[in-house]
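Just below is one structure, and these are the notes that go with it.
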Amino acid sequence: MKTHTLETAGADLVYDVRGPLPTADGRPPLFMIGQPMDAGGFAALAARFPERTVVTYDPRGLGRSTRKDGRDDHTPQIQADDVHAVVEAVGAGPVEMFASSGGAITALAVVAAYPSDVTTLVAHEPPLITLTPDGPAAVRARAGVREAYEKHGWGAGMAAFVAMTSWEGEFTDAYFAQPRPDPAAFGMPAQDDGSRDDPLLSDRSWAVSGYRPDTEALAAAPTRVVIAVGEESENVQTGRTSVATAELLGQRVTVFPSHHGGFCEGEFGYPGKPDEFAHRLRQVLDGAS
């Protein structure tokens, strides 16, 4: 693996390349992107594609990528510009792309703005919360996570986030009537560490989850777009947003093994099924539905 730093006007973007460039078999590189997950979250999945040249990167302001634009928010449009810059720096486009969570939203913005950058996009569980039938309630639930974080710190905020993302079905009055979740019940610290800048728990990434894809641009792009969902996510928020995104694009979701982090080995506390996930991703990239 070789690590590079791309200096742009707004950020110094750090990206990793596993494998040769130009690629050994002439197939385009496979980009793996996330948000707020950085490149480190794709180590297990990238290792399961030894035959491919895999590129991962840290979004600006996250991981090793530092900002120079004076901002602390995250938007799909700015991140799409960054991904485009990395694709150009690699010099082997158009590429194939697997994108997860907020990265899947960034990737949809990439295809809309730079349609010649990506041949196939597998967008895994994009949390586009305003697309679901209960969008206003989902926005209210998101605000509740921020409120818990602002009032009580990281542990309380993360407990509220877990409660929100594990809730099954629409956000009803029963959801909002629940007592504030106890961080200790999730193995999280109850004491306030004083931080208020977490990209997941603050409002700094609300432009990501509130994004609405440009359906006309996506339809006009030559890119094959696949919306993927984990089989364990069917009734929770990211499963429902995946279905809603697919329907917005006039398609059906493609089912993958495991859950939202199903390509991870357990480094984030909830092991997925990375072997099965990689097998399924390989099938889909090769053209399977």
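Identifiers in the structure tokens: chain A, B, ... in order shown; residue index from 1 per chain; ligand index from 1 in order shown.
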- Query: Can you tell me, as JSON, numbers by chain, what residues are no more than 8 Å from Lys273 of chain A when counting only C-alpha atoms, ignoring any on the same chain fewer than 4 positions away?
  - Reply: {"A": [257, 258, 262, 263, 264, 265, 277]}
With C-alpha atoms retained, write the just-selected residues as a short mmCIF file (atom, residue, chain, number, x, y, z; two decimals), in the first residue's frame.
```
data_model
loop_
_atom_site.label_atom_id
_atom_site.label_comp_id
_atom_site.auth_asym_id
_atom_site.auth_seq_id
_atom_site.Cartn_x
_atom_site.Cartn_y
_atom_site.Cartn_z
CA PRO A 257 -25.19 -9.84 3.63
CA SER A 258 -25.18 -8.49 7.18
CA GLY A 262 -21.38 -5.62 7.24
CA PHE A 263 -18.04 -5.37 5.46
CA CYS A 264 -16.14 -4.85 8.74
CA GLU A 265 -14.60 -7.56 10.89
CA PHE A 277 -19.99 -9.24 1.79
#
```
- Task: May I have all residues of segment 6-237 of chain A that DSSP, computed from the backbone, assigns to strand (DSSP E), given as number ranges by chain?
- Result: A: 6-7, 11-18, 30-33, 54-57, 66-67, 95-100, 118-124, 224-230
Selected residues, N, CA, C and O atoms, written as a compact mmCIF listing (two decimals), in the first residue's frame, please.
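Result went into out.txt, see below:
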```txt
# COMPACT_ATOMS: atom_id res chain seq x y z
N LEU A 6 -2.79 14.66 -1.65
CA LEU A 6 -3.17 15.55 -2.73
C LEU A 6 -3.50 16.91 -2.14
O LEU A 6 -4.44 17.04 -1.35
N GLU A 7 -2.74 17.92 -2.50
CA GLU A 7 -2.97 19.26 -2.00
C GLU A 7 -3.93 20.01 -2.92
O GLU A 7 -3.67 20.17 -4.11
N ALA A 11 -8.17 21.67 0.98
CA ALA A 11 -7.78 20.60 1.90
C ALA A 11 -6.58 19.84 1.35
O ALA A 11 -6.31 19.85 0.14
N ASP A 12 -5.88 19.20 2.26
CA ASP A 12 -4.85 18.24 1.89
C ASP A 12 -5.46 16.85 2.07
O ASP A 12 -5.72 16.42 3.20
N LEU A 13 -5.71 16.18 0.96
CA LEU A 13 -6.44 14.91 0.97
C LEU A 13 -5.47 13.74 0.94
O LEU A 13 -4.64 13.63 0.04
N VAL A 14 -5.59 12.87 1.94
CA VAL A 14 -4.72 11.71 2.04
C VAL A 14 -5.47 10.49 1.50
O VAL A 14 -6.61 10.23 1.90
N TYR A 15 -4.82 9.78 0.57
CA TYR A 15 -5.44 8.58 0.02
C TYR A 15 -4.42 7.46 -0.10
O TYR A 15 -3.22 7.69 -0.18
N ASP A 16 -4.92 6.24 -0.07
CA ASP A 16 -4.09 5.04 -0.11
C ASP A 16 -4.39 4.25 -1.37
O ASP A 16 -5.55 4.13 -1.78
N VAL A 17 -3.35 3.70 -1.97
CA VAL A 17 -3.51 2.86 -3.17
C VAL A 17 -2.92 1.50 -2.86
O VAL A 17 -1.74 1.37 -2.56
N ARG A 18 -3.78 0.49 -2.90
CA ARG A 18 -3.35 -0.89 -2.73
C ARG A 18 -3.30 -1.54 -4.11
O ARG A 18 -4.33 -1.70 -4.75
N LEU A 30 -10.74 0.15 -7.97
CA LEU A 30 -11.96 0.09 -7.16
C LEU A 30 -11.81 1.08 -6.01
O LEU A 30 -10.97 0.90 -5.14
N PHE A 31 -12.59 2.13 -6.05
CA PHE A 31 -12.60 3.13 -4.97
C PHE A 31 -13.57 2.65 -3.88
O PHE A 31 -14.66 2.16 -4.19
N MET A 32 -13.17 2.84 -2.63
CA MET A 32 -14.03 2.57 -1.48
C MET A 32 -14.07 3.84 -0.64
O MET A 32 -13.03 4.29 -0.15
N ILE A 33 -15.27 4.43 -0.49
CA ILE A 33 -15.36 5.70 0.23
C ILE A 33 -16.48 5.65 1.27
O ILE A 33 -17.48 4.95 1.10
N VAL A 54 -7.11 -1.14 -5.22
CA VAL A 54 -8.13 -0.52 -4.38
C VAL A 54 -7.62 0.83 -3.88
O VAL A 54 -6.50 0.95 -3.39
N VAL A 55 -8.47 1.85 -4.00
CA VAL A 55 -8.13 3.20 -3.53
C VAL A 55 -9.11 3.59 -2.43
O VAL A 55 -10.33 3.47 -2.60
N THR A 56 -8.57 4.03 -1.31
CA THR A 56 -9.39 4.55 -0.21
C THR A 56 -8.88 5.95 0.13
O THR A 56 -7.73 6.29 -0.16
N TYR A 57 -9.73 6.76 0.77
CA TYR A 57 -9.27 8.10 1.14
C TYR A 57 -9.95 8.57 2.41
O TYR A 57 -10.96 8.00 2.84
N THR A 66 -6.55 17.11 6.22
CA THR A 66 -6.72 18.37 6.94
C THR A 66 -7.37 19.42 6.05
O THR A 66 -7.16 19.46 4.83
N ARG A 67 -8.16 20.29 6.68
CA ARG A 67 -8.87 21.33 5.96
C ARG A 67 -8.07 22.62 5.96
O ARG A 67 -7.37 22.95 6.92
N VAL A 95 -13.53 4.95 -12.75
CA VAL A 95 -13.29 3.91 -11.75
C VAL A 95 -14.59 3.20 -11.40
O VAL A 95 -15.68 3.66 -11.74
N GLU A 96 -14.46 2.08 -10.71
CA GLU A 96 -15.59 1.45 -10.05
C GLU A 96 -15.60 1.94 -8.60
O GLU A 96 -14.55 2.26 -8.05
N MET A 97 -16.77 1.98 -7.99
CA MET A 97 -16.84 2.58 -6.66
C MET A 97 -17.81 1.82 -5.77
O MET A 97 -18.94 1.54 -6.16
N PHE A 98 -17.32 1.50 -4.56
CA PHE A 98 -18.19 1.04 -3.49
C PHE A 98 -18.21 2.15 -2.45
O PHE A 98 -17.15 2.60 -1.99
N ALA A 99 -19.40 2.59 -2.09
CA ALA A 99 -19.52 3.71 -1.17
C ALA A 99 -20.53 3.36 -0.09
O ALA A 99 -21.60 2.83 -0.38
N SER A 100 -20.19 3.67 1.15
CA SER A 100 -21.02 3.27 2.27
C SER A 100 -21.48 4.46 3.09
O SER A 100 -20.74 5.43 3.28
N VAL A 118 -17.16 7.51 -12.96
CA VAL A 118 -17.50 6.22 -12.35
C VAL A 118 -18.26 5.37 -13.36
O VAL A 118 -19.25 5.81 -13.94
N THR A 119 -17.81 4.13 -13.53
CA THR A 119 -18.52 3.20 -14.42
C THR A 119 -19.65 2.50 -13.68
O THR A 119 -20.78 2.41 -14.18
N THR A 120 -19.35 1.97 -12.49
CA THR A 120 -20.36 1.32 -11.65
C THR A 120 -20.23 1.85 -10.24
O THR A 120 -19.13 1.90 -9.68
N LEU A 121 -21.36 2.25 -9.65
CA LEU A 121 -21.41 2.68 -8.26
C LEU A 121 -22.31 1.73 -7.48
O LEU A 121 -23.47 1.55 -7.84
N VAL A 122 -21.77 1.15 -6.42
CA VAL A 122 -22.57 0.41 -5.46
C VAL A 122 -22.69 1.29 -4.22
O VAL A 122 -21.73 1.47 -3.48
N ALA A 123 -23.86 1.87 -4.05
CA ALA A 123 -24.12 2.81 -2.95
C ALA A 123 -24.82 2.04 -1.83
O ALA A 123 -26.00 1.71 -1.94
N HIS A 124 -24.08 1.78 -0.76
CA HIS A 124 -24.56 0.92 0.31
C HIS A 124 -25.17 1.73 1.44
O HIS A 124 -24.49 2.50 2.12
N ARG A 224 -23.62 2.96 -14.08
CA ARG A 224 -24.56 1.98 -13.53
C ARG A 224 -24.61 2.18 -12.02
O ARG A 224 -23.61 2.00 -11.32
N VAL A 225 -25.75 2.58 -11.51
CA VAL A 225 -25.92 2.86 -10.08
C VAL A 225 -26.72 1.74 -9.44
O VAL A 225 -27.83 1.43 -9.88
N VAL A 226 -26.15 1.14 -8.39
CA VAL A 226 -26.81 0.07 -7.64
C VAL A 226 -26.98 0.56 -6.20
O VAL A 226 -26.01 0.96 -5.55
N ILE A 227 -28.21 0.55 -5.71
CA ILE A 227 -28.46 0.89 -4.30
C ILE A 227 -28.52 -0.41 -3.51
O ILE A 227 -29.36 -1.28 -3.79
N ALA A 228 -27.63 -0.55 -2.55
CA ALA A 228 -27.49 -1.79 -1.79
C ALA A 228 -27.97 -1.62 -0.36
O ALA A 228 -27.87 -0.54 0.22
N VAL A 229 -28.49 -2.72 0.21
CA VAL A 229 -28.97 -2.70 1.58
C VAL A 229 -28.60 -4.02 2.25
O VAL A 229 -28.63 -5.08 1.63
N GLY A 230 -28.23 -3.95 3.52
CA GLY A 230 -27.92 -5.16 4.27
C GLY A 230 -29.18 -5.92 4.64
O GLY A 230 -30.21 -5.32 4.96
```
- Query: Got a sec: who's within 12 Å of Met164 of chain A, counting only C-alpha atoms, leaving out chain neighbours fewer than 6 positions off, as an NGL selection string?
  - Reply: :A and (129 or 137-146 or 148 or 157-158 or 170-172 or 175-176 or 178 or 180-181 or 201 or 236-238)
- Message: Just the number, please: distance in Å from atom CA of Ala185 of chain A to atom CA of Ala44 of chain A, one decimal.
- Response: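 One can read the atom CA of Ala185 of chain A to atom CA of Ala44 of chain A distance as 27.9 Å.
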- Task: Please give the complete set of residues from segment 49-227 of chain A that DSSP, run on the backbone, assigns to alpha helix (DSSP H), formatted as a PyMOL selection string.
- Result: chain A and resi 76-90+102-113+135-152+154-166+173-176+206-209+215-220
- Option closest in space to Ala207 of chain A, from A:His152, A:Arg64, A:His260, A:His74 [counting only C-alpha atoms]: A:His74
- Query: A:Asp286, A:Gly210, A:Ala85, A:Gly261: which is nearest Pro136 of chain A, counting only C-alpha atoms?
  - Reply: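 Smallest distance to Pro136 of chain A is found for A:Gly210.
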- Hey, what's within 10 Å of Gly103 of chain A if we count only C-alpha atoms and toss same-chain stuff fewer than 4 positions away? As a VMD selection string, please? chain A and resid 32 to 38 59 76 79 to 80 98 to 99 107 to 109 123 to 127 208
- Quick one: distance from atom CA of Gly187 of chain A to atom CA of Ala156 of chain A in Å, one decimal? 11.0 Å
- Item | Within 7 Å of Trp154 of chain A using only C-alpha atoms, minus same-chain residues under 5 positions, as a count of residues only | 4
- Item | Shortest interatomic distance to Thr8 of chain A - which of A:Glu276, A:Gly26, A:Leu285, A:Val86, counting only C-alpha atoms |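 Using only C-alpha atoms, Thr8 of chain A sits closest to A:Val86.
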Mind checking which residues fall within 6 Å of Pro183 of chain A, counting only C-alpha atoms, ignoring those fewer than 6 positions away in the same chain, and posting them as a PDB file with N, CA, C and O atoms, in the first residue's frame?
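And here is the file that came out, out-v4.pdb:
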```pdb
ATOM      1  N   GLY A 155     -20.969  10.245  25.075  1.00  0.00           N
ATOM      2  CA  GLY A 155     -21.618   8.988  25.438  1.00  0.00           C
ATOM      3  C   GLY A 155     -23.125   9.064  25.283  1.00  0.00           C
ATOM      4  O   GLY A 155     -23.758   8.160  24.718  1.00  0.00           O
ATOM      5  N   ALA A 156     -23.708  10.155  25.766  1.00  0.00           N
ATOM      6  CA  ALA A 156     -25.157  10.326  25.654  1.00  0.00           C
ATOM      7  C   ALA A 156     -25.581  10.483  24.201  1.00  0.00           C
ATOM      8  O   ALA A 156     -26.600   9.930  23.767  1.00  0.00           O
ATOM      9  N   ALA A 159     -25.320   7.072  22.465  1.00  0.00           N
ATOM     10  CA  ALA A 159     -26.415   6.201  22.904  1.00  0.00           C
ATOM     11  C   ALA A 159     -27.708   6.584  22.191  1.00  0.00           C
ATOM     12  O   ALA A 159     -28.485   5.719  21.754  1.00  0.00           O
ATOM     13  N   ALA A 190     -20.561   7.584  30.589  1.00  0.00           N
ATOM     14  CA  ALA A 190     -21.618   8.522  30.959  1.00  0.00           C
ATOM     15  C   ALA A 190     -21.074   9.927  31.175  1.00  0.00           C
ATOM     16  O   ALA A 190     -21.803  10.908  31.035  1.00  0.00           O
TER      17      ALA A 190
END
```
- Interatomic distance between atom CA of Asp134 of chain A and atom CA of Gly153 of chain A?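 Straight-line distance from atom CA of Asp134 of chain A to atom CA of Gly153 of chain A works out to 27.4 Å.
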- Who sits within 10 Å of Thr53 of chain A, only C-alpha atoms, same chain under 6 positions skipped, as an MDAnalysis selection string: chainID A and resid 1 17:25 27:31 46
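Ranking A:Glu234, A:Asp197, A:Glu267, A:Glu216 by their shortest atom-to-atom distance to Gly250 of chain A, with only C-alpha atoms included, puts A:Glu216 first.
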- Shortest interatomic distance to Thr3 of chain A - which of A:Ser65, A:Gln251, A:Arg48, A:Arg240, counting only C-alpha atoms: A:Ser65
